[in-house]
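Enquirer: See input14.txt below, with compact mmCIF, C-alpha atoms.
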# COMPACT_ATOMS: atom_id res chain seq x y z
CA MET A 27 23.09 6.67 -3.83
CA GLU A 28 19.63 8.07 -3.19
CA LYS A 29 17.33 6.11 -0.91
CA GLU A 30 14.21 4.65 -2.47
CA GLN A 31 10.99 6.57 -2.03
CA TRP A 32 7.55 5.01 -1.82
CA ASP A 33 4.08 6.42 -2.39
CA VAL A 34 1.84 6.46 0.67
CA TYR A 35 -1.66 5.00 0.34
CA ASP A 36 -4.71 5.21 2.58
CA ILE A 37 -6.60 2.16 3.81
CA HIS A 38 -8.64 2.16 0.57
CA ARG A 39 -5.45 1.90 -1.51
CA ILE A 40 -5.71 5.46 -2.74
CA LYS A 41 -2.49 7.48 -3.02
CA THR A 42 -2.40 10.28 -0.44
CA GLY A 43 0.22 12.38 -2.24
CA GLU A 44 2.70 11.74 0.57
CA VAL A 45 6.00 9.97 0.06
CA VAL A 46 8.16 8.05 2.55
CA THR A 47 11.82 7.21 2.26
CA ARG A 48 13.13 3.67 2.73
CA GLY A 49 13.97 3.13 6.38
CA GLU A 50 11.28 5.49 7.69
CA LYS A 51 8.61 3.89 9.82
CA ALA A 52 5.09 4.30 8.46
CA ALA A 53 2.80 6.47 10.56
CA PRO A 54 -0.57 5.06 11.61
CA GLY A 55 -2.89 5.13 8.60
CA GLN A 56 -0.03 5.13 6.09
CA TYR A 57 0.29 2.12 3.80
CA ARG A 58 2.70 1.07 1.05
CA MET A 59 2.47 -1.31 -1.88
CA VAL A 60 4.67 -4.39 -2.13
CA VAL A 61 4.83 -6.97 -4.91
CA HIS A 62 5.87 -10.60 -4.91
CA ILE A 63 6.35 -12.59 -8.08
CA CYS A 64 6.31 -16.39 -8.01
CA ILE A 65 7.46 -18.14 -11.17
CA ILE A 66 6.37 -21.76 -11.41
CA ASN A 67 7.54 -24.09 -14.19
CA SER A 68 5.75 -26.94 -15.99
CA GLU A 69 7.15 -29.41 -13.43
CA GLY A 70 5.26 -27.57 -10.68
CA LYS A 71 8.41 -26.11 -9.10
CA MET A 72 8.88 -22.52 -8.01
CA LEU A 73 11.96 -20.52 -8.82
CA ILE A 74 13.30 -19.38 -5.43
CA GLN A 75 16.09 -17.01 -4.47
CA GLN A 76 18.50 -16.90 -1.55
CA ARG A 77 18.99 -13.48 -0.04
CA GLN A 78 22.48 -12.11 0.49
CA PRO A 79 24.09 -12.63 3.93
CA PHE A 80 24.58 -8.88 4.40
CA LYS A 81 20.88 -7.99 3.95
CA SER A 82 19.40 -6.49 7.13
CA ASP A 83 16.13 -8.42 6.77
CA TRP A 84 15.98 -12.17 6.27
CA SER A 85 19.70 -12.49 5.52
CA ASN A 86 20.77 -15.82 3.95
CA LEU A 87 17.17 -17.08 3.88
CA TRP A 88 15.45 -18.40 0.77
CA ASP A 89 12.46 -16.51 -0.61
CA VAL A 90 9.91 -16.72 -3.42
CA THR A 91 11.19 -15.74 -6.87
CA VAL A 92 11.20 -11.94 -6.40
CA GLY A 93 9.73 -9.32 -4.11
CA GLY A 94 9.98 -5.67 -3.20
CA CYS A 95 8.29 -2.33 -2.62
CA SER A 96 6.83 -0.24 -5.37
CA ARG A 97 8.58 3.08 -5.85
CA THR A 98 7.03 6.51 -6.16
CA GLY A 99 4.97 6.75 -9.35
CA GLU A 100 4.89 3.01 -10.08
CA THR A 101 1.83 0.87 -10.56
CA SER A 102 1.83 -2.65 -9.17
CA GLN A 103 2.67 -3.98 -12.65
CA ASP A 104 5.51 -1.45 -13.05
CA ALA A 105 6.99 -2.56 -9.72
CA ALA A 106 6.67 -6.25 -10.63
CA HIS A 107 8.44 -5.65 -13.96
CA ARG A 108 11.25 -3.64 -12.35
CA GLU A 109 11.79 -6.07 -9.46
CA VAL A 110 12.05 -9.13 -11.74
CA LEU A 111 14.41 -7.30 -14.09
CA GLU A 112 16.59 -5.95 -11.25
CA GLU A 113 16.80 -9.04 -9.08
CA ILE A 114 17.13 -11.85 -11.62
CA GLY A 115 17.50 -10.17 -15.01
CA LEU A 116 14.24 -11.33 -16.62
CA ASP A 117 12.31 -8.85 -18.74
CA ILE A 118 8.67 -9.88 -18.31
CA ASP A 119 5.83 -7.78 -19.70
CA PHE A 120 3.21 -7.26 -16.97
CA THR A 121 0.92 -5.14 -19.17
CA GLY A 122 -2.62 -6.32 -18.51
CA VAL A 123 -1.49 -8.88 -15.91
CA LEU A 124 -3.41 -8.90 -12.64
CA PRO A 125 -1.97 -10.12 -9.36
CA ARG A 126 -3.40 -13.56 -8.53
CA PHE A 127 -4.22 -12.29 -5.03
CA THR A 128 -3.43 -9.49 -2.59
CA VAL A 129 -2.42 -9.92 1.03
CA ASN A 130 -3.10 -7.00 3.33
CA TRP A 131 -0.72 -6.44 6.24
CA LEU A 132 -0.33 -3.82 8.96
CA SER A 133 1.58 -1.33 6.81
CA GLY A 134 0.43 -2.10 3.32
CA PHE A 135 -0.77 -4.20 0.44
CA ASP A 136 1.17 -7.09 -1.08
CA ASP A 137 0.20 -7.95 -4.65
CA VAL A 138 1.18 -11.53 -5.47
CA TYR A 139 1.79 -12.44 -9.10
CA VAL A 140 2.03 -16.12 -9.99
CA LEU A 141 3.42 -16.82 -13.44
CA LYS A 142 3.77 -20.11 -15.31
CA GLN A 143 7.06 -19.88 -17.13
CA GLU A 144 10.10 -21.90 -18.05
CA VAL A 145 13.34 -20.21 -17.03
CA ASP A 146 16.91 -21.35 -17.64
CA VAL A 147 18.49 -20.63 -14.25
CA SER A 148 21.97 -20.46 -15.79
CA SER A 149 20.88 -17.52 -17.99
CA LEU A 150 19.79 -15.32 -15.08
CA SER A 151 21.68 -12.21 -14.03
CA LEU A 152 21.48 -11.99 -10.22
CA GLN A 153 21.53 -8.61 -8.50
CA GLU A 154 24.59 -8.69 -6.21
CA GLU A 155 22.97 -6.39 -3.63
CA GLU A 156 20.01 -8.70 -3.19
CA VAL A 157 20.40 -12.27 -4.46
CA GLN A 158 23.19 -14.81 -3.89
CA ALA A 159 21.60 -17.88 -5.52
CA VAL A 160 18.50 -19.19 -7.29
CA ARG A 161 17.10 -22.66 -7.81
CA TRP A 162 13.88 -24.56 -8.46
CA ALA A 163 12.00 -26.05 -5.49
CA SER A 164 8.81 -28.05 -5.11
CA HIS A 165 5.95 -27.08 -2.83
CA ASP A 166 6.99 -29.72 -0.28
CA GLU A 167 10.63 -28.61 -0.35
CA ILE A 168 9.61 -25.01 0.38
CA ILE A 169 7.34 -26.07 3.26
CA ASP A 170 10.20 -28.14 4.71
CA MET A 171 12.54 -25.16 4.37
CA ILE A 172 10.07 -22.91 6.21
CA ARG A 173 9.82 -25.47 9.02
CA GLU A 174 13.60 -25.84 9.29
CA GLY A 175 14.17 -22.07 9.30
CA THR A 176 16.00 -21.71 5.97
CA PHE A 177 13.11 -19.99 4.13
CA ILE A 178 11.37 -16.73 5.08
CA THR A 179 8.66 -17.43 7.63
CA TYR A 180 5.66 -17.17 5.36
CA HIS A 181 2.47 -18.85 6.47
CA GLU A 182 2.46 -22.29 4.88
CA SER A 183 -0.99 -21.48 3.53
CA PHE A 184 0.55 -18.55 1.61
CA ILE A 185 2.85 -20.98 -0.20
CA ASP A 186 -0.10 -23.36 -0.71
CA MET A 187 -2.04 -20.51 -2.30
CA CYS A 188 0.81 -19.53 -4.63
CA PHE A 189 0.99 -23.06 -6.00
CA ALA A 190 -2.81 -23.50 -6.10
CA MET A 191 -3.25 -20.23 -7.99
CA SER A 192 -0.65 -21.05 -10.63
CA ASP A 193 -3.34 -22.34 -12.98
CA SER A 194 -6.29 -20.08 -12.19
CA TYR A 195 -7.53 -16.67 -11.09
CA GLY A 196 -10.19 -16.17 -8.46
CA GLU A 197 -11.25 -18.16 -5.45
CA HIS A 198 -12.86 -20.96 -7.43
CA ALA A 199 -10.70 -23.90 -8.48
CA ASP A 200 -12.51 -24.25 -11.80
CA GLU A 201 -12.21 -20.62 -12.95
CA GLU A 202 -10.17 -20.67 -16.15
CA LEU A 203 -7.35 -18.33 -17.02
CA ARG A 204 -8.34 -15.65 -19.48
Could you rewrite the structure in this file as structure tokens?
Expert:
Amino acid sequence: MEKEQWDVYDIHRIKTGEVVTRGEKAAPGQYRMVVHICIINSEGKMLIQQRQPFKSDWSNLWDVTVGGCSRTGETSQDAAHREVLEEIGLDIDFTGVLPRFTVNWLSGFDDVYVLKQEVDVSSLSLQEEEVQAVRWASHDEIIDMIREGTFITYHESFIDMCFAMSDSYGEHADEELR
């Protein structure tokens, strides 16, 4: 199986034309694009996944609905579509969908999509290499899981933001969805 390859971006999020292979450490000034997708239902609960015990990073920990790196040639929306389809078997059209916010980190850009959607957990097809379980969890349950060490160590404010942004775009609470 071929290792995944990722486009390299500069600090201004412009592709450099370089490519790195999964497992290679980024050189200074090289950045990659990551996506996270948070699905929140009408009860205000987020669909979360538990990572497989054999994963090298964050094994056995719970995580937001889906996440992963974009591959060479993908847009953010392409990567979001592929990751959701691969990891939990949902085919969601991201055409024209903007991330709710982007988090910059030392080696890249993390586009965070927050979707309001009902999902029948029993109908999902979990990717064996990545996901061992899924379930719905409230904001408070996720914060408790972070504090007890059973959820990936996101900043609590990141989780707050995901839930707060589930009904709006932008930094203003009263900005309506378009």
Enquirer: Nearest to Val129 (chain A): which of A:Glu112, A:Ser82, A:Met59, A:Val90 is it, counting all atoms listed in the file?
Expert: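 Looking at the shortest contact to Val129 (chain A), the residue is A:Met59.
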Enquirer: Which residues are close to region 149-153 of chain A, i.e. within 9 Å by only C-alpha atoms, leaving aside same-chain residues fewer than 2 positions away? Reply as a list in words.
Expert: Leu111, Glu112, Glu113, Ile114, Gly115, Leu116, Val145, Asp146, Val147, Glu155, Glu156, Val157, Gln158, Ala159 and Val160 of chain A
Enquirer: Put the listed atoms of region 113-120 of chain A in a box along x, y and z with 3 Å added on every side and give me the centre and edge lengths in Å to one decimal, as AutoDock Vina command-line options.
Expert:
--center_x 10.4 --center_y -9.6 --center_z -14.4 --size_x 20.3 --size_y 10.6 --size_z 16.6
Enquirer: Nearest to Glu109 (chain A): which of A:Met171, A:Met72, A:Cys95, A:Cys64 is it, counting only C-alpha atoms?
Expert: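 So, comparing all the options, the nearest one is A:Cys95.
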Enquirer: I'd like to know which of A:Arg108, A:His181, A:Lys29, A:Lys81 is closest to Thr47 (chain A), using all atoms listed in the file.
Expert: A:Lys29
Enquirer: Using all atoms listed in the file, which of the listed residues (A:Asp117, A:Asp170, A:Glu100, A:Glu69) sits closest to Gln31 (chain A)?
Expert: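 Of the candidates, the smallest distance to Gln31 (chain A) is held by A:Glu100.
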Enquirer: Mind pulling up the distance from CA of Tyr139 (chain A) to CA of Asp36 (chain A)?
Expert: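 If I compute the distance from CA of Asp36 (chain A) to CA of Tyr139 (chain A), I get 22.1 Å.
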Enquirer: I'd like the interatomic distance between CA of Leu141 (chain A) and CA of Phe177 (chain A), to a tenth of an Å.
Expert: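 Atom-to-atom, CA of Leu141 (chain A) to CA of Phe177 (chain A), that is 20.3 Å.
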Enquirer: Between A:Ala163, A:Cys188, A:Val60, A:Val46, which one has atoms that come closest to Phe135 (chain A), using all atoms listed in the file?
Expert: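 For Phe135 (chain A), the nearest of the given residues is A:Val60.
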Enquirer: Could you tell me how far CA of Lys51 (chain A) sits from CA of Thr128 (chain A), in Å to one decimal place?
Expert: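 Separating CA of Thr128 (chain A) from CA of Lys51 (chain A) is a distance of 21.9 Å.
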Enquirer: Give me the residues within 12 Å of Gly99 (chain A) as a ChimeraX atom specification, counting all atoms listed in the file and dropping any in the same chain fewer than 4 places off.
Expert: /A:30-35,41,43-45,59,95,103-105
Enquirer: Which of these, A:Glu182, A:Asp136, A:Asp89, A:Asp119, has the shortest distance to Arg161 (chain A) once you count all atoms listed in the file?
Expert: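 Under the stated criterion, the closest residue is A:Asp89.
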Enquirer: Residues around (16.7, -16.6, -0.6), cut-off 7 Å, counting all atoms listed in the file - what are they as a ChimeraX atom specification?
Expert: /A:74-77,86-89,157,177
Enquirer: Ser68 (chain A): which residues within 10 Å, counting only C-alpha atoms, same-chain residues fewer than 4 positions away excluded, as a list of chain:residue names?
Expert: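 Near Ser68 (chain A), the qualifying residues are A:Met72, A:Lys142, A:Gln143, A:Glu144.
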